[in-house]
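*Asks:* Take a look at model.pdb, PDB, C-alpha atoms:
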```pdb
ATOM      1  CA  MET L  12     -20.695   4.792  20.505
ATOM      2  CA  LEU L  13     -18.700   5.569  17.389
ATOM      3  CA  ARG L  14     -15.468   4.236  15.996
ATOM      4  CA  PRO L  15     -12.685   6.765  15.388
ATOM      5  CA  ILE L  16     -12.613   8.209  11.887
ATOM      6  CA  ILE L  17      -9.154   9.233  10.708
ATOM      7  CA  GLU L  18      -8.998  11.110   7.406
ATOM      8  CA  PHE L  19      -5.915  11.767   5.284
ATOM      9  CA  CYS L  20      -5.264  13.938   2.246
ATOM     10  CA  THR L  21      -3.326  12.317  -0.613
ATOM     11  CA  SER L  22      -1.658  15.672  -1.275
ATOM     12  CA  ASN L  23      -0.134  15.482   2.230
ATOM     13  CA  MET L  24       1.488  12.081   1.682
ATOM     14  CA  HIS L  25       4.872  13.658   0.814
ATOM     15  CA  TRP L  26       5.280  14.201   4.575
ATOM     16  CA  GLY L  27       5.216  10.446   5.159
ATOM     17  CA  THR L  28       1.597  10.353   6.264
ATOM     18  CA  ASP L  29       1.020   7.442   3.873
ATOM     19  CA  GLU L  30       3.020   5.212   6.246
ATOM     20  CA  ILE L  31       0.988   6.449   9.207
ATOM     21  CA  MET L  32      -2.230   5.825   7.306
ATOM     22  CA  SER L  33      -1.152   2.262   6.468
ATOM     23  CA  LYS L  34      -0.250   1.610  10.110
ATOM     24  CA  LEU L  35      -3.642   2.857  11.306
ATOM     25  CA  GLU L  36      -5.468   0.800   8.659
ATOM     26  CA  GLU L  37      -4.121  -2.346  10.330
ATOM     27  CA  ASN L  38      -6.441  -1.697  13.284
ATOM     28  CA  PRO L  39      -9.942  -2.971  12.413
ATOM     29  CA  ASP L  40     -11.456  -0.671  15.065
ATOM     30  CA  TYR L  41     -10.489   2.456  13.106
ATOM     31  CA  ASP L  42     -12.159   3.887  10.028
ATOM     32  CA  VAL L  43      -9.278   5.271   7.953
ATOM     33  CA  ILE L  44     -10.243   7.269   4.883
ATOM     34  CA  GLU L  45      -8.037   8.751   2.180
ATOM     35  CA  TYR L  46      -9.254  11.750   0.196
ATOM     36  CA  GLY L  47      -7.779  13.477  -2.839
ATOM     37  CA  CYS L  48      -8.157  16.774  -0.990
ATOM     38  CA  LEU L  49      -9.387  17.875   2.426
ATOM     39  CA  SER L  50      -9.418  21.581   1.413
ATOM     40  CA  ASN L  51      -6.672  22.591   3.845
ATOM     41  CA  CYS L  52      -4.085  23.415   1.182
ATOM     42  CA  GLY L  53      -2.034  25.902   3.212
ATOM     43  CA  GLN L  54      -1.640  23.492   6.107
ATOM     44  CA  CYS L  55      -1.223  20.523   3.787
ATOM     45  CA  ASN L  56       1.779  22.200   2.168
ATOM     46  CA  ALA L  57       3.310  23.231   5.512
ATOM     47  CA  GLU L  58       3.122  20.146   7.773
ATOM     48  CA  PRO L  59       1.846  16.594   8.194
ATOM     49  CA  TYR L  60      -1.772  16.565   9.291
ATOM     50  CA  ALA L  61      -4.907  14.464   9.427
ATOM     51  CA  MET L  62      -8.437  14.786  10.703
ATOM     52  CA  VAL L  63      -9.592  12.752  13.685
ATOM     53  CA  ASN L  64     -13.355  12.689  14.097
ATOM     54  CA  GLY L  65     -13.580  15.895  12.069
ATOM     55  CA  GLU L  66     -10.897  17.765  14.033
ATOM     56  CA  ILE L  67      -7.606  18.729  12.388
ATOM     57  CA  VAL L  68      -4.484  17.437  14.125
ATOM     58  CA  SER L  69      -0.933  18.182  13.014
ATOM     59  CA  ALA L  70       2.688  17.717  14.048
ATOM     60  CA  ASP L  71       6.231  18.484  12.948
ATOM     61  CA  SER L  72       6.768  14.977  11.543
ATOM     62  CA  ALA L  73       4.738  11.959  10.480
ATOM     63  CA  GLU L  74       6.012  10.012  13.503
ATOM     64  CA  LEU L  75       4.815  12.727  15.866
ATOM     65  CA  LEU L  76       1.527  12.928  13.963
ATOM     66  CA  TYR L  77       0.920   9.262  14.739
ATOM     67  CA  GLU L  78       1.355  10.008  18.452
ATOM     68  CA  VAL L  79      -0.992  13.004  18.218
ATOM     69  CA  ILE L  80      -3.622  10.886  16.444
ATOM     70  CA  MET L  81      -3.382   8.128  19.058
ATOM     71  CA  ASN L  82      -3.667  10.673  21.884
ATOM     72  CA  LYS L  83      -6.731  12.231  20.239
ATOM     73  CA  ILE L  84      -8.357   8.787  19.956
ATOM     74  CA  LYS L  85      -7.583   8.038  23.628
ATOM     75  CA  GLU L  86      -8.983  11.423  24.626
ATOM     76  CA  ALA L  87     -12.241  10.740  22.758
ATOM     77  CA  GLU L  88     -12.438   7.274  24.284
ATOM     78  CA  ALA L  89     -11.989   8.762  27.771
ATOM     79  CA  TRP L  90     -14.912  11.092  27.103
ATOM     80  CA  GLY L  91     -16.999   8.093  26.092
ATOM     81  CA  ASN L  92     -17.334   9.214  22.484
ATOM     82  CA  LEU L  93     -15.798   6.086  21.004
ATOM     83  CA  ASP L  94     -16.383   2.370  21.179
ATOM     84  CA  LEU L  95     -13.176   0.381  20.852
ATOM     85  CA  ASP L  96     -14.451  -2.913  22.267
TER      86      ASP L  96
END
```
So that I can check it, write out the structure of this file as structure tokens.

*Replies:*
Amino acid sequence: MLRPIIEFCTSNMHWGTDEIMSKLEENPDYDVIEYGCLSNCGQCNAEPYAMVNGEIVSADSAELLYEVIMNKIKEAEAWGNLDLD
């Protein structure tokens, strides 16, 4: 089983995703990675987003993005793709 990998783009931090990233980094069961660029410039400029296990997730605000990320992690765990023990 794999741990969730959550990736953030530093260019997207103006949406407040830096706070979400810091919050997720507090959980030792998550691998949180910050990149200079995730090559999604159009989306990066338009809304807060991240990648969860290689899949792009986005929302209208950083707070909603956190909820979307947590739901995506729970979904993967339900499918047995993650190990959070």

*Asks:* In terms of the shortest atom-to-atom distance over all atoms listed in the file, which of L:Val43, L:Ala73, L:Ile16, L:Ala89 is closest to Tyr60 (chain L)?

*Replies:*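 Going through L:Val43, L:Ala73, L:Ile16, L:Ala89 one by one, the smallest distance to Tyr60 (chain L) is for L:Ala73.
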
*Asks:* Give the answer as one residue: which of L:Asn64, L:Glu18, L:Leu13, L:Lys34 has the shortest atom-to-atom distance to Gly91 (chain L), using only C-alpha atoms?

*Replies:*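 Among the listed residues, L:Leu13 lies closest to Gly91 (chain L).
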
*Asks:* Give me, as a PyMOL selection string, all polymer residues having an atom no more than 12 Å from Glu30 (chain L), counting only C-alpha atoms and skipping those fewer than 2 positions away in the same chain.

*Replies:* chain L and resi 19+21+23-28+32-37+59+72-74+76-77

*Asks:* How many Å separate CA of Pro15 (chain L) from CA of Ser69 (chain L)?

*Replies:*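 So the answer is 16.6 Å.
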
*Asks:* Hey, what comes out of the PyMOL selection byres ((chain L and resi 46) around 7) on this file? Could you write it as an MDAnalysis selection string?

*Replies:* chainID L and resid 19:21 44:45 47:49

*Asks:* With all atoms of region 71-78 of chain L from the file as input, state the centre and edge lengths in Å to one decimal of the axis-aligned box that has 6 Å extra on each side, as JSON.

*Replies:*
```
{"center_x": 3.8, "center_y": 13.9, "center_z": 14.5, "size_x": 17.8, "size_y": 21.2, "size_z": 20.0}
```

*Asks:* Select, from L:Met81, L:Cys55, L:Leu75, L:Val68, the residue with the minimum atom-to-atom distance to Tyr41 (chain L), counting only C-alpha atoms.

*Replies:*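 Closest candidate: L:Met81.
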
*Asks:* In Å, with one decimal, what is the gap from CA of Arg14 (chain L) to CA of Gly65 (chain L)?

*Replies:*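 So the answer is 12.4 Å.
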
*Asks:* For CA of Ser50 (chain L) and CA of Lys83 (chain L), determine how far apart the two atoms are, in Å to one decimal place.

*Replies:* 21.2 Å

*Asks:* Have a look at L:Ile67, L:Asp29, L:Gln54, L:Asp40 and name the one nearest to Val79 (chain L); count only C-alpha atoms.

*Replies:*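 Closest residue, counting only C-alpha atoms: L:Ile67.
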
*Asks:* Tell me which of L:Asn51, L:Ile84, L:Ile17, L:Trp90 sits closest to Ile31 (chain L), counting all atoms listed in the file.

*Replies:*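 Of L:Asn51, L:Ile84, L:Ile17, L:Trp90, the one nearest Ile31 (chain L) is L:Ile17, counting all atoms listed in the file.
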
*Asks:* Once N, CA, C and O atoms are restored for region 22-34 of chain L, what would the output be as a compact mmCIF listing (two decimals), in the coordinates of the input?

*Replies:*
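File written: result09.txt
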```txt
# COMPACT_ATOMS: atom_id res chain seq x y z
N SER L 22 -2.63 14.62 -0.99
CA SER L 22 -1.66 15.67 -1.27
C SER L 22 -0.68 15.89 -0.12
O SER L 22 0.35 16.54 -0.28
N ASN L 23 -0.98 15.33 1.05
CA ASN L 23 -0.13 15.48 2.23
C ASN L 23 0.80 14.28 2.41
O ASN L 23 1.62 14.27 3.32
N MET L 24 0.72 13.32 1.53
CA MET L 24 1.49 12.08 1.68
C MET L 24 3.00 12.30 1.57
O MET L 24 3.78 11.49 2.06
N HIS L 25 3.43 13.40 0.95
CA HIS L 25 4.87 13.66 0.81
C HIS L 25 5.54 13.88 2.17
O HIS L 25 6.76 13.83 2.28
N TRP L 26 4.75 14.07 3.21
CA TRP L 26 5.28 14.20 4.58
C TRP L 26 5.49 12.84 5.23
O TRP L 26 5.96 12.76 6.35
N GLY L 27 5.10 11.78 4.57
CA GLY L 27 5.22 10.45 5.16
C GLY L 27 3.94 9.98 5.83
O GLY L 27 3.92 8.95 6.51
N THR L 28 2.86 10.73 5.63
CA THR L 28 1.60 10.35 6.26
C THR L 28 1.01 9.08 5.66
O THR L 28 0.16 8.44 6.27
N ASP L 29 1.50 8.69 4.47
CA ASP L 29 1.02 7.44 3.87
C ASP L 29 1.40 6.25 4.75
O ASP L 29 0.62 5.31 4.90
N GLU L 30 2.60 6.29 5.35
CA GLU L 30 3.02 5.21 6.25
C GLU L 30 2.17 5.18 7.52
O GLU L 30 1.83 4.11 8.02
N ILE L 31 1.83 6.36 8.01
CA ILE L 31 0.99 6.45 9.21
C ILE L 31 -0.41 5.92 8.88
O ILE L 31 -1.00 5.17 9.66
N MET L 32 -0.92 6.29 7.72
CA MET L 32 -2.23 5.82 7.31
C MET L 32 -2.25 4.30 7.21
O MET L 32 -3.16 3.64 7.72
N SER L 33 -1.23 3.72 6.60
CA SER L 33 -1.15 2.26 6.47
C SER L 33 -1.11 1.59 7.84
O SER L 33 -1.76 0.56 8.05
N LYS L 34 -0.36 2.16 8.75
CA LYS L 34 -0.25 1.61 10.11
C LYS L 34 -1.61 1.64 10.82
O LYS L 34 -2.01 0.66 11.46
```
